[in-house]
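Enquirer: I have a structure here, written as structure tokens, and I will follow up with some questions on it.
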Amino acid sequence: MTILDIEGVNLHYGTVQVLWDVSMRLEEGEAVALVGANAAGKTSLMRTISGLMRPSGGRVALFGEDITGRDPAEIVRMGLSHVPQGRFLFPQLTVRENIESGAAYLPRAWQVKDRTMAWVIDLFPRLGERMGQKAGTLSGGEQQMLAIARALMAKPRILLVDEPCLGLAPIMVKAVFDALGEIKKQGITLLLVEQNVWKSLEFSERGYVMENGRIVHRGTSAELLADDKIRKAYLGL
Ligand SMILES: Nc1ncnc2c1ncn2[C@@H]1O[C@H](COP(=O)(O)OP(=O)(O)O)[C@@H](O)[C@H]1O
Ligand SMILES: [Mg+2]
């Protein structure tokens, strides 16, 4: 079943066009990598999908329903959560309060928040040990886990994750990927932007490559990892 269907999306910031005719489709349960150099438009595409930006053309459909230009909170309610680049946690609030905030304004998710929280703490035991600690005092890796945990509180069927490992130590990178693997195993569809292109393609079944706001390659991860142009441009080989 198609979960997310993006067709011919254009996006402008003022008069500057940053997305050009972007099309992409995600089937339920798959992990898809979105690869591209700095400023290619990956974050802008994710922000357009989750309703934070309104495209100037094209269409985004979630579960077959047109959500173009819809309110971001409504899109979360429909089952799409977004872990933004930069995390945007509440540094003065505790880990518990940050996690809970992911279910706020979502009556159905709020009703089952204790059970959902038990599940996310199971995914991220480090957070369970730090529930009363202020988010701003966590390490970078723990903050990233917290950002993912918060997004999971909405009980998404699809999760967009933007640069989760930026600036993290290798051991934390591994912990984040382990958690993403567990999330995937539980059937949640993933769209992943990650600097470590090798790791993100190894993790995903398929990938899209973006350059200057356009999708320039698409294929299975095996195809992309074997492609000479991609090996040179993104894998340093
Ligand atoms: N709020 C904004 N206003 C104007 N231009 C922006 C804004 N956000 C991003 N851009 C521009 O859009 C382009 C794509 O950026 P972005 O989506 O962040 O790329 P990526 O995530 O691939 O690094 C860049 O040229 C960037 O400077
Ligand atoms: Mg980005």
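Every chain in the structure tokens takes a letter, A first, then B, and so on in the order presented; its residues are numbered from 1, and the ligands are numbered from 1 following the presented order.
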Show which residues sit within 10 Å of Gly132 of chain A, as number ranges by chain. Count only C-alpha atoms, and ignore same-chain residues fewer than 5 positions away.
Expert: A: 93-97, 127
Enquirer: Take the residues that were just selected and, keeping C-alpha atoms, output them as a CSV table (one decimal), in the first residue's frame.
Expert:
chain,number,residue,atom,x,y,z
A,93,LEU,CA,11.7,20.9,30.2
A,94,THR,CA,12.5,17.4,31.5
A,95,VAL,CA,13.0,14.4,29.3
A,96,ARG,CA,9.5,13.2,30.4
A,97,GLU,CA,7.9,16.5,29.6
A,127,LEU,CA,16.1,8.1,28.2
Enquirer: Could you give me the residues within segment 74-231 of chain A that DSSP places in strand (DSSP E or B), as a list in words?
Expert: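 Answer for segment 74-231 of chain A, restricted to strand (DSSP E or B): Leu80, Ser81, His82, Val83, Thr94, Lys134, Ile158, Leu159, Leu160, Val161, Asp162, Thr189, Leu190, Leu191, Leu192, Val193, Arg206, Gly207, Tyr208, Val209, Met210, Glu211, Arg214, Ile215, Val216, His217, Arg218, Gly219 and Thr220 of chain A.
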Enquirer: Save the residues we just selected, N, CA and C atoms, as a short mmCIF file (atom, residue, chain, number, x, y, z; two decimals), in the first residue's frame?
Expert:
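Result file is out_18.cif:
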data_model
loop_
_atom_site.label_atom_id
_atom_site.label_comp_id
_atom_site.auth_asym_id
_atom_site.auth_seq_id
_atom_site.Cartn_x
_atom_site.Cartn_y
_atom_site.Cartn_z
N LEU A 80 1.63 10.91 10.32
CA LEU A 80 2.98 11.24 9.84
C LEU A 80 3.68 12.13 10.86
N SER A 81 4.82 11.68 11.36
CA SER A 81 5.61 12.51 12.28
C SER A 81 6.95 12.84 11.64
N HIS A 82 7.52 13.96 12.11
CA HIS A 82 8.72 14.52 11.51
C HIS A 82 9.71 14.82 12.63
N VAL A 83 10.90 14.25 12.56
CA VAL A 83 11.96 14.59 13.50
C VAL A 83 12.84 15.61 12.79
N THR A 94 11.86 18.74 31.21
CA THR A 94 12.50 17.45 31.47
C THR A 94 12.33 16.52 30.26
N LYS A 134 16.76 17.74 32.73
CA LYS A 134 16.37 18.75 31.72
C LYS A 134 16.98 18.39 30.36
N ILE A 158 4.26 6.66 9.58
CA ILE A 158 5.43 7.04 8.79
C ILE A 158 6.19 8.13 9.55
N LEU A 159 7.52 7.98 9.55
CA LEU A 159 8.38 8.89 10.29
C LEU A 159 9.40 9.49 9.32
N LEU A 160 9.49 10.82 9.31
CA LEU A 160 10.53 11.50 8.54
C LEU A 160 11.64 11.87 9.51
N VAL A 161 12.87 11.47 9.21
CA VAL A 161 13.97 11.74 10.13
C VAL A 161 15.06 12.49 9.38
N ASP A 162 15.32 13.73 9.84
CA ASP A 162 16.23 14.62 9.11
C ASP A 162 17.56 14.75 9.86
N THR A 189 7.01 3.07 8.47
CA THR A 189 7.68 3.48 7.25
C THR A 189 8.63 4.63 7.57
N LEU A 190 9.81 4.62 6.94
CA LEU A 190 10.81 5.64 7.28
C LEU A 190 11.32 6.36 6.04
N LEU A 191 11.39 7.67 6.12
CA LEU A 191 12.12 8.47 5.12
C LEU A 191 13.27 9.12 5.87
N LEU A 192 14.49 8.79 5.44
CA LEU A 192 15.67 9.15 6.21
C LEU A 192 16.62 10.03 5.40
N VAL A 193 16.98 11.17 5.99
CA VAL A 193 18.06 11.99 5.45
C VAL A 193 19.23 11.86 6.41
N ARG A 206 15.65 1.47 -0.54
CA ARG A 206 15.68 2.28 -1.76
C ARG A 206 16.20 3.66 -1.41
N GLY A 207 16.54 4.40 -2.46
CA GLY A 207 16.97 5.76 -2.22
C GLY A 207 16.63 6.69 -3.37
N TYR A 208 16.59 7.97 -3.05
CA TYR A 208 16.45 9.04 -4.04
C TYR A 208 17.64 9.97 -3.85
N VAL A 209 18.19 10.45 -4.96
CA VAL A 209 19.30 11.39 -4.88
C VAL A 209 18.83 12.74 -5.40
N MET A 210 19.08 13.77 -4.59
CA MET A 210 18.65 15.12 -4.93
C MET A 210 19.83 16.00 -5.23
N GLU A 211 19.73 16.78 -6.29
CA GLU A 211 20.74 17.80 -6.59
C GLU A 211 20.02 19.08 -6.96
N ARG A 214 16.29 18.99 -7.35
CA ARG A 214 15.67 18.02 -8.26
C ARG A 214 16.09 16.61 -7.88
N ILE A 215 15.19 15.65 -8.10
CA ILE A 215 15.56 14.23 -7.97
C ILE A 215 16.30 13.84 -9.24
N VAL A 216 17.57 13.44 -9.08
CA VAL A 216 18.37 13.11 -10.27
C VAL A 216 18.65 11.62 -10.40
N HIS A 217 18.50 10.86 -9.33
CA HIS A 217 18.64 9.40 -9.41
C HIS A 217 17.64 8.80 -8.45
N ARG A 218 17.22 7.59 -8.77
CA ARG A 218 16.42 6.81 -7.83
C ARG A 218 16.72 5.36 -8.10
N GLY A 219 16.58 4.54 -7.09
CA GLY A 219 16.83 3.11 -7.32
C GLY A 219 16.90 2.36 -6.02
N THR A 220 17.14 1.08 -6.12
CA THR A 220 17.35 0.30 -4.90
C THR A 220 18.68 0.75 -4.30
#
Enquirer: For Val173 of chain A, list every protein, DNA or RNA residue within 12 Å, evaluated using only C-alpha atoms, and leave out those in the same chain fewer than 3 positions away; present the list as a ChimeraX atom specification.
Expert: /A:140-142,144-145,163-170,176-180,194-196,199-200
Enquirer: Choose the residue, out of A:Asp228, A:Ala73, A:Ala33, A:Leu138, that has the smallest atom-to-atom separation from Pro91 of chain A; count only C-alpha atoms.
Expert: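 Closest residue, counting only C-alpha atoms: A:Leu138.
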Enquirer: For ligand 1, list the contacting residues at 7 Å or closer, counting only C-alpha atoms and all ligand atoms, as a tab-separated table (two decimals) with N, CA and C atoms, in the first residue's frame.
Expert:
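The resulting selection39.tsv:
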chain	number	residue	atom	x	y	z
A	13	TYR	N	11.12	29.87	-1.84
A	13	TYR	CA	11.27	30.78	-0.70
A	13	TYR	C	11.28	32.17	-1.32
A	18	VAL	N	13.42	26.38	-4.80
A	18	VAL	CA	14.37	25.41	-4.23
A	18	VAL	C	13.97	23.96	-4.48
A	36	GLY	N	21.68	13.70	-0.67
A	36	GLY	CA	22.00	14.91	-1.43
A	36	GLY	C	22.98	15.77	-0.67
A	37	ALA	N	23.73	16.56	-1.40
A	37	ALA	CA	24.71	17.45	-0.78
A	37	ALA	C	23.99	18.51	0.04
A	38	ASN	N	24.77	19.25	0.79
A	38	ASN	CA	24.26	20.39	1.53
A	38	ASN	C	23.50	21.33	0.59
A	39	ALA	N	22.34	21.81	1.04
A	39	ALA	CA	21.53	22.77	0.29
A	39	ALA	C	20.84	22.17	-0.94
A	40	ALA	N	20.83	20.85	-1.04
A	40	ALA	CA	20.14	20.21	-2.18
A	40	ALA	C	18.62	20.38	-2.11
A	41	GLY	N	18.11	20.56	-0.88
A	41	GLY	CA	16.66	20.72	-0.73
A	41	GLY	C	16.00	19.62	0.09
A	42	LYS	N	16.79	18.79	0.77
A	42	LYS	CA	16.24	17.65	1.50
A	42	LYS	C	15.33	18.11	2.65
A	43	THR	N	15.84	19.05	3.44
A	43	THR	CA	15.04	19.56	4.56
A	43	THR	C	13.79	20.26	4.05
A	44	SER	N	13.95	21.03	2.99
A	44	SER	CA	12.79	21.73	2.42
A	44	SER	C	11.72	20.74	1.97
A	45	LEU	N	12.15	19.62	1.40
A	45	LEU	CA	11.17	18.61	0.97
A	45	LEU	C	10.46	18.02	2.18
A	213	GLY	N	17.69	20.77	-5.79
A	213	GLY	CA	16.24	20.79	-5.73
A	213	GLY	C	15.53	19.83	-6.66
Enquirer: So which residues of segment 11-157 of chain A fall under alpha helix (DSSP H) by DSSP, listed as number ranges by chain?
Expert: A: 42-49, 72-78, 95-101, 107-111, 113-123, 125-128, 140-152
Enquirer: Please provide as a compact mmCIF listing (two decimals) with N, CA and C atoms, in the first residue's frame all residues within 7 Å of Ile99 of chain A, with the sequence filter that same-chain residues fewer than 3 positions apart are discarded (counting only C-alpha atoms).
Expert:
# COMPACT_ATOMS: atom_id res chain seq x y z
N VAL A 95 13.09 15.43 30.34
CA VAL A 95 12.97 14.39 29.32
C VAL A 95 11.52 13.91 29.24
N ARG A 96 10.92 13.64 30.41
CA ARG A 96 9.53 13.16 30.42
C ARG A 96 8.60 14.18 29.76
N GLY A 102 5.01 15.18 22.67
CA GLY A 102 4.72 14.58 21.36
C GLY A 102 3.30 14.07 21.23
N LEU A 146 15.85 11.65 22.13
CA LEU A 146 14.66 12.30 22.71
C LEU A 146 13.78 12.87 21.59
N ALA A 149 12.03 9.97 20.12
CA ALA A 149 11.05 9.45 21.09
C ALA A 149 9.80 10.34 21.10
N ARG A 150 10.01 11.64 21.09
CA ARG A 150 8.87 12.57 21.10
C ARG A 150 8.00 12.36 19.87
N MET A 153 5.64 9.45 20.02
CA MET A 153 4.48 9.55 20.91
C MET A 153 3.19 9.80 20.14
Enquirer: A:Arg87, A:Arg77, A:Arg126, A:His12: which is nearest ligand 2, counting only C-alpha atoms and all ligand atoms?
Expert: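 Using only C-alpha atoms and all ligand atoms, ligand 2 sits closest to A:Arg87.
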Enquirer: Identify, on the basis of only C-alpha atoms, every residue whose closest approach to Gln186 of chain A does not exceed 10 Å; exclude the query and any residue fewer than 4 positions from it along the same chain; express the result as a ChimeraX atom specification.
Expert: /A:29,157,180-182
Enquirer: Once you have the residues from the selection above, write them out as an mmCIF file, in the first residue's frame, restricted to C-alpha atoms.
Expert:
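The file below, out-v2.cif, is the result:
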data_model
loop_
_atom_site.group_PDB
_atom_site.id
_atom_site.type_symbol
_atom_site.label_atom_id
_atom_site.label_comp_id
_atom_site.auth_asym_id
_atom_site.auth_seq_id
_atom_site.Cartn_x
_atom_site.Cartn_y
_atom_site.Cartn_z
ATOM 1 C CA GLY A 29 6.914 -0.602 5.798
ATOM 2 C CA ARG A 157 2.779 5.075 10.647
ATOM 3 C CA LEU A 180 15.707 3.244 13.709
ATOM 4 C CA GLY A 181 16.127 -0.424 12.822
ATOM 5 C CA GLU A 182 13.837 -1.423 15.660
#
Enquirer: What does the structure give for the distance between atom CA of Pro125 of chain A and atom CA of Ala31 of chain A, in Å to one decimal?
Expert: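 Answer for the atom CA of Pro125 of chain A to atom CA of Ala31 of chain A separation: 23.4 Å.
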Enquirer: To one decimal in Å, tell me the separation between atom CA of Ala154 of chain A and atom CA of Ala109 of chain A.
Expert: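 Separating atom CA of Ala154 of chain A from atom CA of Ala109 of chain A is a distance of 5.7 Å.
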Enquirer: Can you work out which one of A:Val60, A:Leu26, A:Ala147, A:Val35 has the shortest atom-to-atom distance to Asn10 of chain A, counting only C-alpha atoms?
Expert: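 Once distances to Asn10 of chain A are computed over only C-alpha atoms, the minimum belongs to A:Val60.
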Enquirer: A:Gly86, A:Leu11, A:Leu106, A:Pro55: which is nearest ligand 2, counting only C-alpha atoms and all ligand atoms?
Expert: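 So, comparing all the options, the nearest one is A:Gly86.
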Enquirer: Check the smallest atom-to-atom distance from each of A:Lys229, A:Arg130, A:Lys184, A:Lys174 to Pro156 of chain A using only C-alpha atoms, then report the winner.
Expert: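 Between A:Lys229, A:Arg130, A:Lys184, A:Lys174, the residue approaching Pro156 of chain A most closely is A:Lys184.
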